[in-house]
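What follows is entry.csv (CSV, C-alpha atoms).
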```
chain,number,residue,atom,x,y,z
S,1,MET,CA,-51.1,-98.8,-13.1
S,2,TYR,CA,-49.5,-96.5,-10.5
S,3,LYS,CA,-47.5,-98.3,-7.8
S,4,LYS,CA,-45.4,-97.3,-4.8
S,5,LEU,CA,-42.2,-99.2,-4.8
S,6,ARG,CA,-39.2,-99.4,-2.5
S,7,LEU,CA,-36.1,-99.3,-4.7
S,8,LYS,CA,-32.3,-99.4,-4.3
S,9,ASP,CA,-29.7,-97.4,-6.3
S,10,THR,CA,-26.4,-95.6,-6.1
S,11,VAL,CA,-26.5,-91.9,-6.3
S,12,ARG,CA,-23.6,-89.5,-7.0
S,13,ILE,CA,-23.4,-86.3,-4.9
S,14,ALA,CA,-21.4,-83.7,-6.7
S,15,PRO,CA,-18.7,-81.8,-4.8
S,16,GLN,CA,-20.6,-78.5,-4.7
S,17,HIS,CA,-23.4,-80.3,-2.6
S,18,LEU,CA,-21.0,-82.0,-0.1
S,19,GLY,CA,-21.7,-79.3,2.6
S,20,ASP,CA,-25.5,-79.7,2.2
S,21,ASP,CA,-27.7,-81.9,4.4
S,22,VAL,CA,-26.9,-85.5,3.2
S,23,THR,CA,-30.5,-86.6,3.0
S,24,ASN,CA,-31.6,-83.6,1.0
S,25,ALA,CA,-28.5,-83.9,-1.3
S,26,VAL,CA,-29.3,-87.6,-1.9
S,27,ARG,CA,-33.0,-86.8,-2.6
S,28,ILE,CA,-32.0,-84.1,-5.2
S,29,GLY,CA,-29.5,-86.5,-6.7
S,30,LEU,CA,-32.1,-89.2,-7.0
S,31,ILE,CA,-34.6,-86.8,-8.6
S,32,ASP,CA,-32.0,-85.6,-11.1
S,33,LYS,CA,-30.9,-89.1,-12.0
S,34,LEU,CA,-34.2,-91.1,-12.0
S,35,GLU,CA,-37.4,-89.1,-12.3
S,36,GLY,CA,-38.8,-89.4,-15.8
S,37,GLN,CA,-36.7,-92.5,-16.6
S,38,THR,CA,-38.3,-95.7,-17.9
S,39,ASP,CA,-37.4,-99.2,-17.1
S,40,LYS,CA,-39.2,-102.2,-18.7
S,41,LYS,CA,-39.4,-104.1,-15.4
S,42,ILE,CA,-40.7,-101.3,-13.1
S,43,GLY,CA,-42.2,-98.8,-15.6
S,44,ALA,CA,-41.8,-95.0,-15.6
S,45,LEU,CA,-40.5,-93.4,-12.4
S,46,VAL,CA,-42.9,-90.6,-11.7
S,47,ALA,CA,-41.7,-89.3,-8.3
S,48,ILE,CA,-39.2,-89.9,-5.5
S,49,ILE,CA,-41.3,-89.9,-2.3
S,50,ASP,CA,-38.9,-90.6,0.5
S,51,VAL,CA,-35.3,-91.5,1.2
S,52,VAL,CA,-35.5,-94.5,3.5
S,53,GLU,CA,-31.8,-95.5,4.1
S,54,ILE,CA,-28.5,-94.0,3.1
S,55,GLY,CA,-25.5,-96.3,3.2
S,56,GLU,CA,-21.8,-95.3,3.8
S,57,GLY,CA,-20.4,-93.0,1.2
S,58,HIS,CA,-17.7,-94.1,-1.3
S,59,ILE,CA,-15.1,-92.1,-3.1
S,60,LEU,CA,-13.7,-93.0,-6.5
S,61,ALA,CA,-10.2,-92.0,-7.4
S,62,GLY,CA,-10.2,-89.0,-9.7
S,63,ASP,CA,-13.8,-88.0,-8.9
S,64,GLY,CA,-14.5,-85.4,-6.2
S,65,ALA,CA,-18.0,-86.7,-5.7
S,66,ILE,CA,-19.3,-89.1,-3.1
S,67,TYR,CA,-21.4,-92.1,-4.1
S,68,TYR,CA,-24.1,-93.4,-1.7
S,69,ASP,CA,-26.0,-96.6,-1.9
S,70,VAL,CA,-29.6,-95.6,-1.0
S,71,ILE,CA,-33.0,-97.2,-0.4
S,72,PHE,CA,-35.9,-95.0,-1.3
S,73,ASP,CA,-39.6,-95.0,-2.0
S,74,ALA,CA,-40.9,-94.0,-5.4
S,75,VAL,CA,-44.1,-93.8,-7.4
S,76,VAL,CA,-43.9,-95.6,-10.8
S,77,TYR,CA,-46.4,-96.0,-13.6
S,78,LYS,CA,-46.3,-99.3,-15.5
S,79,PRO,CA,-49.1,-100.0,-18.0
S,80,GLU,CA,-50.6,-103.5,-17.7
S,81,LEU,CA,-52.2,-105.5,-20.5
S,82,GLN,CA,-56.1,-105.5,-20.2
S,83,GLU,CA,-55.9,-102.6,-17.7
S,84,ILE,CA,-58.8,-100.1,-18.0
S,85,ILE,CA,-57.5,-96.5,-18.2
S,86,GLU,CA,-59.1,-93.1,-18.2
S,87,GLY,CA,-57.4,-90.2,-19.9
S,88,SER,CA,-57.8,-87.1,-22.1
S,89,ILE,CA,-57.3,-87.0,-25.9
S,90,VAL,CA,-54.0,-85.1,-26.4
S,91,GLU,CA,-53.9,-85.3,-30.2
S,92,ILE,CA,-56.2,-86.3,-33.1
S,93,VAL,CA,-54.5,-87.7,-36.3
S,94,GLU,CA,-55.9,-89.3,-39.4
S,95,PHE,CA,-55.2,-92.8,-38.1
S,96,GLY,CA,-56.5,-92.4,-34.5
S,97,ALA,CA,-56.3,-90.5,-31.2
S,98,PHE,CA,-53.5,-90.2,-28.7
S,99,VAL,CA,-54.6,-90.4,-25.1
S,100,GLY,CA,-52.5,-89.1,-22.2
S,101,ILE,CA,-52.3,-91.8,-19.6
S,102,GLY,CA,-50.0,-90.7,-16.8
S,103,PRO,CA,-46.4,-90.1,-18.0
S,104,MET,CA,-47.1,-91.9,-21.4
S,105,ASP,CA,-49.5,-91.6,-24.3
S,106,GLY,CA,-51.5,-94.5,-25.8
S,107,LEU,CA,-53.0,-94.7,-29.3
S,108,ILE,CA,-56.5,-95.7,-30.1
S,109,HIS,CA,-56.4,-96.6,-33.8
S,110,VAL,CA,-59.5,-95.6,-35.8
S,111,SER,CA,-60.4,-99.3,-36.0
S,112,GLN,CA,-60.5,-99.6,-32.2
S,113,ILE,CA,-62.7,-96.6,-31.5
S,114,THR,CA,-66.1,-97.9,-32.4
S,115,ASP,CA,-67.8,-100.4,-34.7
S,116,GLU,CA,-69.0,-97.6,-37.0
S,117,PHE,CA,-67.0,-96.2,-39.9
S,118,ILE,CA,-64.9,-93.2,-38.8
S,119,SER,CA,-63.7,-90.3,-40.9
S,120,TYR,CA,-61.1,-87.7,-40.1
S,121,ASP,CA,-62.2,-84.1,-40.2
S,122,PRO,CA,-58.9,-82.1,-40.7
S,123,LYS,CA,-60.6,-78.7,-40.7
S,124,ASN,CA,-62.0,-79.3,-37.1
S,125,GLY,CA,-59.3,-81.7,-36.0
S,126,ARG,CA,-61.6,-84.5,-35.0
S,127,LEU,CA,-62.8,-88.0,-35.8
S,128,VAL,CA,-66.5,-88.5,-36.7
S,129,THR,CA,-68.6,-91.6,-36.9
S,130,LYS,CA,-70.7,-92.2,-40.0
S,131,GLU,CA,-74.1,-93.3,-38.6
S,132,SER,CA,-74.4,-91.6,-35.2
S,133,HIS,CA,-72.2,-88.6,-36.0
S,134,ARG,CA,-70.4,-88.9,-32.7
S,135,SER,CA,-67.1,-87.1,-32.6
S,136,LEU,CA,-63.8,-87.4,-30.8
S,137,SER,CA,-61.7,-84.2,-30.3
S,138,GLU,CA,-58.6,-83.1,-28.4
S,139,GLY,CA,-59.5,-82.6,-24.7
S,140,ASP,CA,-62.3,-85.2,-24.7
S,141,HIS,CA,-62.2,-87.6,-21.7
S,142,VAL,CA,-62.3,-91.3,-22.6
S,143,ARG,CA,-62.1,-94.8,-21.0
S,144,ALA,CA,-60.2,-97.4,-22.8
S,145,ARG,CA,-58.5,-100.8,-22.3
S,146,ILE,CA,-54.8,-101.5,-22.9
S,147,VAL,CA,-54.3,-104.2,-25.6
S,148,ALA,CA,-50.6,-103.8,-26.6
S,149,ILE,CA,-47.5,-102.5,-24.8
S,150,SER,CA,-44.0,-101.9,-26.2
S,151,ILE,CA,-41.8,-99.9,-23.8
S,152,ASN,CA,-38.7,-98.1,-25.2
S,153,GLU,CA,-36.3,-97.5,-22.3
S,154,GLN,CA,-33.9,-95.2,-24.2
S,155,GLU,CA,-36.6,-93.0,-25.6
S,156,PRO,CA,-39.7,-93.3,-23.3
S,157,ARG,CA,-41.7,-91.0,-25.6
S,158,ASP,CA,-41.3,-93.6,-28.3
S,159,SER,CA,-43.0,-96.3,-26.2
S,160,LYS,CA,-46.1,-97.6,-27.8
S,161,ILE,CA,-49.3,-98.4,-25.9
S,162,GLY,CA,-52.2,-99.7,-28.0
S,163,LEU,CA,-55.8,-99.0,-26.7
S,164,THR,CA,-59.3,-100.1,-27.6
S,165,MET,CA,-62.7,-98.6,-26.9
S,166,ARG,CA,-64.7,-101.2,-28.8
S,167,GLN,CA,-66.4,-102.8,-25.7
S,168,HIS,CA,-69.3,-102.0,-23.4
S,169,ALA,CA,-68.6,-99.2,-20.9
S,170,LEU,CA,-65.6,-98.0,-22.9
S,171,GLY,CA,-65.4,-94.9,-25.0
S,172,LYS,CA,-65.9,-91.1,-24.7
S,173,PHE,CA,-67.6,-90.4,-21.3
S,174,GLU,CA,-70.5,-88.7,-23.0
S,175,TRP,CA,-71.0,-91.8,-25.2
S,176,ILE,CA,-71.0,-94.1,-22.2
S,177,HIS,CA,-73.6,-91.9,-20.4
S,178,GLU,CA,-75.8,-91.9,-23.5
S,179,ASP,CA,-75.6,-95.6,-24.0
S,180,THR,CA,-76.3,-96.3,-20.3
S,181,THR,CA,-79.3,-93.9,-20.4
S,182,VAL,CA,-80.7,-95.6,-23.5
S,183,GLN,CA,-80.3,-99.1,-21.9
S,184,GLU,CA,-82.0,-97.9,-18.6
S,185,ASN,CA,-84.9,-96.5,-20.6
S,186,LYS,CA,-85.3,-99.8,-22.5
S,187,GLU,CA,-85.3,-101.7,-19.3
S,188,GLU,CA,-87.9,-99.4,-17.7
S,189,LYS,CA,-90.2,-100.0,-20.7
S,190,GLY,CA,-89.8,-103.8,-20.3
S,191,GLY,CA,-87.6,-104.3,-23.4
S,192,LYS,CA,-84.0,-105.4,-23.7
```

Represent the supplied structure as structure tokens.
Amino acid sequence: MYKKLRLKDTVRIAPQHLGDDVTNAVRIGLIDKLEGQTDKKIGALVAIIDVVEIGEGHILAGDGAIYYDVIFDAVVYKPELQEIIEGSIVEIVEFGAFVGIGPMDGLIHVSQITDEFISYDPKNGRLVTKESHRSLSEGDHVRARIVAISINEQEPRDSKIGLTMRQHALGKFEWIHEDTTVQENKEEKGGK
């Protein structure tokens, strides 16, 4: 889930930026230090929006830089258990599909895609269901639910987010549309 947070940190302004506008130098320092970083408590810091308050500068002996305590607004992404996400398939592998969800990727294991048996088609780089012959390929848009989260602060790309599409109104968008149309047609004919 994306959130706007007000955060506090200390930023180092290198000596070559000391003649620059302080607010701009602090903003650049925050971007360099924090954007793209991941923290288990707040999530992945996506963007610095605004510098709200800059405290008095501090100098450390032997360092030509100035350190400022700052309060700033930022956009963060933190996956939540049971959250419904929408994203695009970024990679298909034999054991599942990776979905881009904001600054992270989630994995839909083959066992969590559908109730049908799924096989991997390496020639076409896709996953195919046995009975209905539905396929999942790179670039497909899907809706899934987050079922597991393991955030790695040191290597954010190694974070693991488990997803499922084995519920009503989840799956590849085309599948959801087909299933909804079939259900509406049944209801129009008086069946369930």

Which residue of S:Ile89, S:Leu18, S:Ala61, S:Ile48 approaches Gly171 (chain S) most closely, using all atoms listed in the file: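 Checking each candidate against Gly171 (chain S), we get S:Ile89 as the closest.
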
Could you state the separation of CA of Lys189 (chain S) and CA of Lys130 (chain S) in Å, given to one decimal place?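 Result for CA of Lys189 (chain S) versus CA of Lys130 (chain S): 28.5 Å, one decimal.
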
Give me the region 85-155 of chain S side of the contact with region 28-45 of chain S, cut-off 12 Å, one line per residue showing its nearest atom pair and distance in Å at one decimal, counting all atoms listed in the file, sorted by chain and residue number, as a Markdown table.
```
| residue | atom | partner | partner_atom | distance |
| --- | --- | --- | --- | --- |
| S:Ile101 | CA | S:Ala44 | CA | 11.7 |
| S:Gly102 | CA | S:Ala44 | CA | 9.3 |
| S:Pro103 | CA | S:Ala44 | CA | 7.1 |
| S:Met104 | CA | S:Ala44 | CA | 8.4 |
| S:Ile149 | CA | S:Lys40 | CA | 10.3 |
| S:Ser150 | CA | S:Lys40 | CA | 8.9 |
| S:Ile151 | CA | S:Lys40 | CA | 6.2 |
| S:Asn152 | CA | S:Thr38 | CA | 7.7 |
| S:Glu153 | CA | S:Thr38 | CA | 5.2 |
| S:Gln154 | CA | S:Thr38 | CA | 7.7 |
| S:Glu155 | CA | S:Thr38 | CA | 8.3 |
```

One decimal, Å: what's the distance from CA of Phe117 (chain S) over to CA of Thr164 (chain S), could you say? 15.0 Å

Two-atom distance - CA of Tyr77 (chain S), CA of Met1 (chain S) (Å):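 We find that CA of Tyr77 (chain S) and CA of Met1 (chain S) lie 5.5 Å from each other.
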
Measuring atom to atom with all atoms listed in the file, identify which of S:Asn124, S:Thr10, S:Gln82, S:Ser135 is nearest to Val26 (chain S).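 Answer, going by the shortest atom-to-atom distance: S:Thr10.
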
Nearest to Arg143 (chain S) among S:Ile108, S:Ile113, S:Val75, S:Ile84, with distances taken over only C-alpha atoms: which residue is it?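 Selected residue with least distance to Arg143 (chain S): S:Ile84.
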
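When all atoms listed in the file are used to compute distances to Gly55 (chain S), the closest of the residues S:Asp9, S:Glu86, S:Gly125, S:Glu116 turns out to be S:Asp9.
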
Skip Val52 (chain S) itself and residues of its chain fewer than 4 positions away, then list as a ChimeraX atom specification all residues within 12 Å of it, counting all atoms listed in the file. /S:5-9,23-24,26-27,48,69-74

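Within 8 Å of Ile146 (chain S), once all atoms listed in the file are used and residues closer than 2 positions along the same chain are dropped, the contacting residues are Pro79, Glu80, Leu81, Gln82, Glu83, Ile84, Ile85, Ala144, Ala148, Ile149, Ile161, Gly162, Leu163 and Thr164 of chain S.
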
With distances taken over only C-alpha atoms, which of S:Val182, S:Gln16, S:Val90, S:Val147 is nearest to Gly64 (chain S)?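 That would be S:Gln16, the residue with the smallest distance to Gly64 (chain S).
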
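In this comparison, which uses all atoms listed in the file, the residue of S:Ala169, S:Val110, S:Ile118, S:Val99 approaching Asp140 (chain S) most closely is S:Val99.
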
Expected file content for region 133-144 of chain S, C-alpha atoms, as a compact mmCIF listing (two decimals), in the first residue's frame:
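Below you can see decode.txt, which holds the result:
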```txt
# COMPACT_ATOMS: atom_id res chain seq x y z
CA HIS S 133 -5.93 -23.64 -22.01
CA ARG S 134 -5.68 -20.20 -20.43
CA SER S 135 -2.17 -18.80 -20.49
CA LEU S 136 -0.12 -16.36 -18.45
CA SER S 137 2.72 -14.50 -20.18
CA GLU S 138 5.09 -11.63 -19.54
CA GLY S 139 3.25 -8.29 -19.78
CA ASP S 140 -0.16 -9.70 -18.74
CA HIS S 141 -2.05 -7.62 -16.17
CA VAL S 142 -3.26 -9.47 -13.09
CA ARG S 143 -5.06 -8.95 -9.81
CA ALA S 144 -3.77 -10.94 -6.82
```
